[in-house]
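Structure data follow from structure-v2.cif (mmCIF, C-alpha atoms):
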```
data_my_file
#
loop_
_atom_site.label_atom_id
_atom_site.label_comp_id
_atom_site.auth_asym_id
_atom_site.auth_seq_id
_atom_site.Cartn_x
_atom_site.Cartn_y
_atom_site.Cartn_z
CA MET K 1 -23.79 10.86 -22.48
CA LEU K 2 -25.04 10.23 -18.96
CA GLY K 3 -28.17 8.62 -20.33
CA LEU K 4 -26.06 6.08 -22.23
CA LEU K 5 -24.25 4.86 -19.17
CA VAL K 6 -24.67 1.16 -18.56
CA LEU K 7 -24.60 0.39 -14.86
CA THR K 8 -22.41 -2.69 -14.69
CA ILE K 9 -21.89 -4.40 -11.39
CA PHE K 10 -19.00 -6.83 -11.39
CA SER K 11 -17.48 -9.11 -8.81
CA THR K 12 -13.86 -9.03 -7.75
CA ASN K 13 -11.77 -11.97 -6.67
CA MET K 14 -11.29 -11.34 -2.98
CA HIS K 15 -8.01 -12.01 -1.22
CA PHE K 16 -7.62 -11.72 2.50
CA ALA K 17 -4.47 -11.59 4.58
CA SER K 18 -3.09 -14.75 6.10
CA ALA K 19 -3.47 -15.69 9.77
CA PRO K 20 -1.21 -13.80 12.22
CA PRO K 21 2.36 -14.93 11.61
CA LEU K 22 4.57 -16.71 14.09
CA SER K 23 7.16 -14.72 16.04
CA PRO K 24 9.65 -13.44 15.10
CA TYR K 25 7.77 -12.10 12.10
CA ILE K 26 7.76 -9.71 9.18
CA MET K 27 4.24 -8.56 8.43
CA VAL K 28 2.13 -6.02 6.56
CA VAL K 29 0.20 -3.64 8.84
CA PRO K 30 -2.70 -3.27 8.72
CA PRO K 31 -3.25 -6.77 7.33
CA THR K 32 -6.50 -5.62 5.69
CA GLN K 33 -7.89 -2.18 5.00
CA THR K 34 -10.74 -0.63 3.03
CA ILE K 35 -10.41 2.67 1.15
CA SER K 36 -13.48 4.65 0.09
CA GLY K 37 -15.06 8.07 0.55
CA HIS K 38 -13.45 11.24 -0.70
CA PRO K 39 -10.12 11.95 -2.46
CA PRO K 40 -7.23 11.65 -2.18
CA TYR K 41 -7.55 7.90 -2.63
CA ARG K 42 -4.48 6.51 -0.92
CA ALA K 43 -3.58 3.38 1.03
CA THR K 44 -0.45 3.25 3.17
CA VAL K 45 0.91 0.10 4.75
CA THR K 46 3.92 -0.49 6.96
CA ILE K 47 6.07 -3.58 7.05
CA THR K 48 6.92 -4.32 10.67
CA THR K 49 8.80 -6.83 12.79
CA ASP K 50 8.50 -7.86 16.43
CA TYR K 51 12.13 -9.03 16.60
CA THR K 52 13.76 -7.75 19.82
CA GLY K 53 17.37 -8.91 19.44
CA PHE K 54 20.17 -6.35 19.51
CA ASP K 55 21.83 -7.91 16.48
CA LEU K 56 19.43 -6.61 13.79
CA TRP K 57 21.57 -5.83 10.76
CA SER K 58 19.56 -5.57 7.55
CA TYR K 59 16.29 -6.28 5.78
CA HIS K 60 14.99 -6.86 2.30
CA ILE K 61 11.33 -6.53 1.35
CA GLN K 62 9.84 -7.84 -1.90
CA LEU K 63 6.18 -6.77 -1.95
CA THR K 64 3.85 -7.46 -4.88
CA TYR K 65 0.42 -5.95 -5.64
CA ASN K 66 -2.32 -5.82 -8.28
CA THR K 67 -1.51 -3.02 -10.74
CA SER K 68 -5.11 -2.83 -11.97
CA VAL K 69 -6.20 -1.69 -8.49
CA LEU K 70 -3.12 -0.02 -6.98
CA GLN K 71 -0.20 2.14 -8.09
CA ALA K 72 2.80 2.37 -5.75
CA ILE K 73 3.79 6.03 -5.47
CA GLN K 74 6.02 6.35 -2.40
CA VAL K 75 8.36 4.19 -0.33
CA SER K 76 9.94 5.26 2.96
CA ASN K 77 12.41 3.72 5.35
CA GLY K 78 11.27 2.74 8.83
CA ASN K 79 12.80 3.42 12.24
CA LEU K 80 15.24 0.52 12.66
CA ILE K 81 17.98 0.58 10.00
CA THR K 82 18.56 4.34 9.93
CA THR K 83 21.38 6.87 10.01
CA SER K 84 20.16 8.00 13.43
CA GLU K 85 21.16 4.53 14.64
CA ASP K 86 24.47 4.69 12.78
CA PRO K 87 25.68 6.93 9.92
CA THR K 88 26.69 3.89 7.86
CA ALA K 89 23.04 2.89 7.31
CA ARG K 90 22.05 2.47 3.66
CA PHE K 91 18.51 2.47 2.23
CA ASN K 92 17.23 1.85 -1.29
CA ALA K 93 13.87 1.21 -2.89
CA THR K 94 12.61 0.57 -6.42
CA ILE K 95 9.09 0.43 -7.83
CA ASN K 96 8.47 -1.81 -10.83
CA GLU K 97 5.00 -0.87 -12.01
CA ALA K 98 5.15 -3.33 -14.91
CA LEU K 99 5.53 -6.25 -12.50
CA GLY K 100 3.57 -4.74 -9.62
CA GLU K 101 6.53 -5.08 -7.30
CA VAL K 102 8.22 -2.91 -4.69
CA SER K 103 11.74 -3.89 -3.66
CA ILE K 104 13.11 -2.29 -0.49
CA GLY K 105 16.37 -2.83 1.33
CA ALA K 106 18.37 -1.36 4.20
CA TYR K 107 21.55 -2.42 5.96
CA PHE K 108 24.44 -1.18 8.07
CA TYR K 109 27.77 -0.84 6.31
CA TYR K 110 30.06 -1.25 9.28
CA LEU K 111 33.77 -1.68 8.69
CA THR K 112 34.24 -2.42 12.37
CA PRO K 113 30.98 -3.62 13.91
CA PRO K 114 29.98 -2.04 17.22
CA PRO K 115 28.93 -4.24 20.18
CA TYR K 116 25.33 -4.08 18.92
CA THR K 117 23.39 -2.76 15.93
CA THR K 118 19.74 -1.91 16.48
CA GLN K 119 16.77 -3.43 18.29
CA GLY K 120 13.11 -3.96 17.42
CA PRO K 121 10.22 -4.20 17.45
CA GLY K 122 9.62 -1.51 14.89
CA THR K 123 8.90 -0.49 11.33
CA LEU K 124 11.09 -1.68 8.49
CA ALA K 125 9.48 0.39 5.73
CA SER K 126 6.22 1.93 4.53
CA VAL K 127 4.60 1.98 1.09
CA THR K 128 1.87 4.33 -0.15
CA PHE K 129 -0.42 3.35 -3.02
CA ARG K 130 -2.79 5.35 -5.18
CA ILE K 131 -6.16 3.72 -5.78
CA LEU K 132 -6.86 3.22 -9.48
CA ARG K 133 -10.18 1.40 -9.46
CA THR K 134 -12.59 -0.57 -7.33
CA GLY K 135 -11.29 -3.99 -6.37
CA THR K 136 -9.11 -5.94 -3.97
CA SER K 137 -5.36 -6.26 -4.21
CA ALA K 138 -3.30 -8.75 -2.26
CA LEU K 139 -0.10 -7.35 -0.77
CA THR K 140 2.21 -10.34 -0.81
CA LEU K 141 5.64 -10.55 0.80
CA GLN K 142 7.55 -12.71 -1.64
CA LYS K 143 10.23 -15.34 -1.04
CA ALA K 144 13.15 -12.90 -1.05
CA THR K 145 11.75 -11.00 1.95
CA LYS K 146 14.10 -11.39 4.89
CA LEU K 147 15.38 -9.97 8.16
CA GLN K 148 19.05 -10.47 8.99
CA GLY K 149 21.24 -10.23 12.05
CA PHE K 150 24.98 -9.97 12.61
CA ASN K 151 26.89 -12.64 14.51
CA PHE K 152 29.67 -10.79 16.33
CA THR K 153 31.47 -14.02 17.19
CA THR K 154 31.89 -15.14 13.59
CA ASN K 155 31.60 -11.65 12.05
CA SER K 156 28.97 -12.89 9.64
CA VAL K 157 25.40 -12.05 8.64
CA TYR K 158 22.68 -14.65 9.19
CA ASN K 159 18.95 -14.91 8.48
CA ILE K 160 16.59 -14.23 11.37
CA VAL K 161 13.50 -14.58 9.18
CA ILE K 162 13.39 -15.38 5.49
CA ALA K 163 10.12 -15.95 3.65
CA ASP K 164 11.57 -18.71 1.50
CA GLU K 165 12.41 -20.81 4.56
CA LYS K 166 9.92 -19.60 7.19
CA PRO K 167 6.64 -18.76 5.40
CA ASN K 168 4.70 -19.07 8.67
CA ASN K 169 6.65 -16.11 10.04
CA ILE K 170 5.44 -13.87 7.23
CA GLY K 171 2.20 -11.87 7.37
CA HIS K 172 0.71 -10.69 4.07
CA GLY K 173 -1.89 -7.97 3.53
CA ALA K 174 -4.74 -6.83 1.31
CA VAL K 175 -6.36 -3.55 0.29
CA THR K 176 -9.98 -3.29 -0.84
CA ALA K 177 -11.04 -0.09 -2.58
CA TYR K 178 -14.42 1.32 -3.55
CA LEU K 179 -14.72 4.30 -5.88
CA GLY K 180 -18.01 5.96 -6.77
CA ASP K 181 -19.24 7.15 -3.37
CA VAL K 182 -19.49 10.89 -3.99
CA THR K 183 -21.51 11.66 -0.86
CA GLY K 184 -19.35 9.63 1.52
CA ASP K 185 -22.10 7.50 3.05
CA ASN K 186 -20.55 4.14 2.11
CA THR K 187 -23.13 3.40 -0.54
CA VAL K 188 -23.45 4.26 -4.24
CA ASN K 189 -26.95 5.28 -5.18
CA ALA K 190 -29.03 7.92 -6.96
CA ALA K 191 -27.61 10.70 -4.81
CA ASP K 192 -24.11 9.93 -6.06
CA MET K 193 -25.30 9.75 -9.65
CA THR K 194 -27.05 13.11 -9.29
CA SER K 195 -23.92 14.71 -7.82
CA MET K 196 -21.84 13.30 -10.66
CA SER K 197 -24.33 14.50 -13.25
CA ASN K 198 -24.26 18.01 -11.79
CA ALA K 199 -20.46 18.16 -11.78
CA TYR K 200 -19.88 16.42 -15.10
CA GLY K 201 -17.65 18.37 -17.47
CA SER K 202 -16.30 20.70 -14.79
CA THR K 203 -12.63 21.40 -14.11
CA ALA K 204 -10.64 22.50 -11.07
CA GLY K 205 -9.33 25.56 -12.87
CA PRO K 206 -8.04 27.98 -11.99
CA PRO K 207 -10.59 29.30 -11.73
CA PRO K 208 -12.73 26.26 -10.87
CA SER K 209 -15.92 25.70 -12.82
CA PRO K 210 -19.06 26.84 -10.98
CA ASN K 211 -20.22 23.21 -10.77
CA TRP K 212 -16.85 21.78 -9.73
CA ASN K 213 -17.06 19.04 -7.07
CA SER K 214 -13.73 17.56 -6.03
CA ASN K 215 -15.49 14.53 -4.50
CA CYS K 216 -16.44 13.46 -8.03
CA ASN K 217 -12.86 13.53 -9.29
CA PHE K 218 -11.90 9.91 -8.62
CA HIS K 219 -8.96 10.08 -11.01
CA GLU K 220 -7.61 13.21 -9.30
CA ASP K 221 -6.79 14.82 -12.65
CA SER K 222 -8.63 18.13 -12.04
CA LYS K 223 -11.45 17.30 -14.46
CA ILE K 224 -14.64 15.32 -14.19
CA ASP K 225 -15.28 13.17 -17.21
CA VAL K 226 -16.41 9.73 -18.31
CA ARG K 227 -13.62 8.01 -16.40
CA ASP K 228 -14.98 9.39 -13.13
CA LEU K 229 -18.54 8.62 -14.17
CA TYR K 230 -17.55 5.00 -14.79
CA HIS K 231 -16.77 4.45 -11.10
CA VAL K 232 -20.28 5.47 -10.07
CA GLY K 233 -21.72 3.11 -12.63
CA GLU K 234 -19.56 0.10 -11.78
CA ASN K 235 -20.53 0.28 -8.09
CA TYR K 236 -24.12 1.45 -8.36
CA GLY K 237 -26.22 -0.23 -5.68
CA LYS K 238 -23.25 -1.39 -3.60
CA SER K 239 -22.77 -0.65 0.09
CA TRP K 240 -19.88 -1.39 2.42
#
```

Re-express the file's structure as structure tokens.
Amino acid sequence: MLGLLVLTIFSTNMHFASAPPLSPYIMVVPPTQTISGHPPYRATVTITTDYTGFDLWSYHIQLTYNTSVLQAIQVSNGNLITTSEDPTARFNATINEALGEVSIGAYFYYLTPPPYTTQGPGTLASVTFRILRTGTSALTLQKATKLQGFNFTTNSVYNIVIADEKPNNIGHGAVTAYLGDVTGDNTVNAADMTSMSNAYGSTAGPPPSPNWNSNCNFHEDSKIDVRDLYHVGENYGKSW
């Protein structure tokens, strides 16, 4: 089977993050990152703001990604709209893998607002992705993304930043992933193919096969098969 492998090198449409956004901003951090090397293959980004006003009240994040490269697996609240700030804080998050979209929201549910809510800068939320294949995925904050404050004079919520109206205050991101580097030297060559050939067909057990090599298990499914072998082939000869 190994002898039948066709080493196909393909190009990926590259997307890079936008220029640093204007203040006050909502942005993906880091704006670009590269994932390679050994499992687990994960990329975590935070969505942050530099807003320093004491009237921070709520946020909504609509983040889209390329489902052929990434799979969203975990979403966490940040350190601004939290129950430690006030017990009325609410947080919710949904992952729509069909659309490649993560929707995240948090707000304070005050009945009688205090003299202030919470103050940035800080983290609104974080999202962790599993790497599915080699490629680049844009991480785009869509139009519904917004940061809101509370006006204590009028007892009303208002937009501090909203992507639909202030796109220059929004900072997007991108993740580039490379699978196939068994040896961890940032290149895919004969050494990686040899390691994959030696481990091919093994399983993690228990007990693990004598030739088991977890670095070859790009799909993290406790077995080394043609799907793992494919990643060596698709990137053969590449360095980063």

Of the listed residues K:Thr64, K:Ser84, K:Asn198, K:Ser126, that which approaches K:Asn96 most closely, counting only C-alpha atoms =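 The answer is K:Thr64, which sits nearest to K:Asn96.
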
key: Residues in the PyMOL selection byres ((chain K and resi 49-61) around 6), expressed as a list of chain:residue names   =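 Residues picked by the PyMOL selection byres ((chain K and resi 49-61) around 6): K:Pro24, K:Tyr25, K:Ile26, K:Thr48, K:Gln62, K:Ser103, K:Ile104, K:Gly105, K:Ala106, K:Tyr107, K:Tyr116, K:Thr117, K:Thr118, K:Gln119, K:Gly120, K:Pro121, K:Gly122, K:Thr145, K:Lys146, K:Leu147, K:Gln148, K:Gly149, K:Phe150.
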
query = Given the file above and the PyMOL selection byres ((chain K and resi 37) around 6), which residues are selected, and can you give them as a VMD selection string?
reply = chain K and resid 36 38 181 184

key: Nearest to K:Leu132 by atom-to-atom distance, counting all atoms listed in the file, from K:Ser202, K:Thr67, K:Thr32, K:Asn213   = K:Thr67

query = Applied to this file, what does the PyMOL selection byres ((chain K and resi 39-44) around 9) return in terms of residues, put as a list of chain:residue names?
reply =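 Written out, the selection comes to K:Val29, K:Pro30, K:Gln33, K:Thr34, K:Ile35, K:Ser36, K:Gly37, K:His38, K:Val45, K:Thr46, K:Leu70, K:Ser126, K:Val127, K:Thr128, K:Phe129, K:Arg130, K:Ile131, K:Leu132, K:Val175, K:Ala177, K:Leu179, K:Ser214, K:Asn215, K:Cys216, K:Asn217, K:Phe218, K:His219, K:Glu220.
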
ask   = Which residue out of K:Thr153, K:Thr203, K:Ser137, K:Ser222 has the minimum interatomic distance to K:Gln71 when all atoms listed in the file are used?
value =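 Closest candidate: K:Ser137.
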
inquiry  = Calculated over only C-alpha atoms, which of the candidates K:Gly205, K:Gly237, K:Pro167, K:Pro31 has the smallest distance to K:Ala138?
reply    = K:Pro31

ask   = Skipping near chain neighbours, those fewer than 6 positions away, what residues fall within 8 Å of K:Asp164 using all atoms listed in the file, listed as a PyMOL selection string?
value = chain K and resi 142-145

query = For K:Asp192, which residue out of K:Gly171, K:Gly233, K:Pro20, K:Pro210 is the nearest one, using all atoms listed in the file?
reply = K:Gly233

query = Distance atom CA of K:Asn235-atom CA of K:Gly135, one decimal place?
reply =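 Computed distance, atom CA of K:Asn235 to atom CA of K:Gly135, equals 10.3 Å.
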
message = Given all atoms listed in the file as the basis, pick out the residue of K:Thr176, K:Ser23, K:Asn92, K:Ser156 nearest to K:Asn66.
response =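 Nearest candidate to K:Asn66 out of K:Thr176, K:Ser23, K:Asn92, K:Ser156: K:Thr176.
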
request  = Enter the distance from atom CA of K:Thr83 to atom CA of K:Phe152, in Å, rounded to one decimal.
outcome  = 20.5 Å

query = Rounded to one decimal in Å, what is the spacing between atom CA of K:Ser68 and atom CA of K:Arg133?
reply =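 Separation of atom CA of K:Ser68 and atom CA of K:Arg133: 7.1 Å.
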
Spatial neighbours of K:Leu229, max dist 8 Å, all atoms listed in the file, sep filter under 3 positions, as a VMD selection string = chain K and resid 180 196 200 224 to 226 232 to 233

message = Is it possible to get the residues within 7 Å of (10.6, 4.0, 6.4) (coordinates as in the file, counting all atoms listed in the file) written as an NGL selection string?
response = :K and (76-79 or 123-126)

Those residues with C-alpha atoms, as a short mmCIF file (atom, residue, chain, number, x, y, z; two decimals), in the coordinates of the input please?
```cif
data_model
loop_
_atom_site.label_atom_id
_atom_site.label_comp_id
_atom_site.auth_asym_id
_atom_site.auth_seq_id
_atom_site.Cartn_x
_atom_site.Cartn_y
_atom_site.Cartn_z
CA SER K 76 9.94 5.26 2.96
CA ASN K 77 12.41 3.72 5.35
CA GLY K 78 11.27 2.74 8.83
CA ASN K 79 12.80 3.42 12.24
CA THR K 123 8.90 -0.49 11.33
CA LEU K 124 11.09 -1.68 8.49
CA ALA K 125 9.48 0.39 5.73
CA SER K 126 6.22 1.93 4.53
#
```
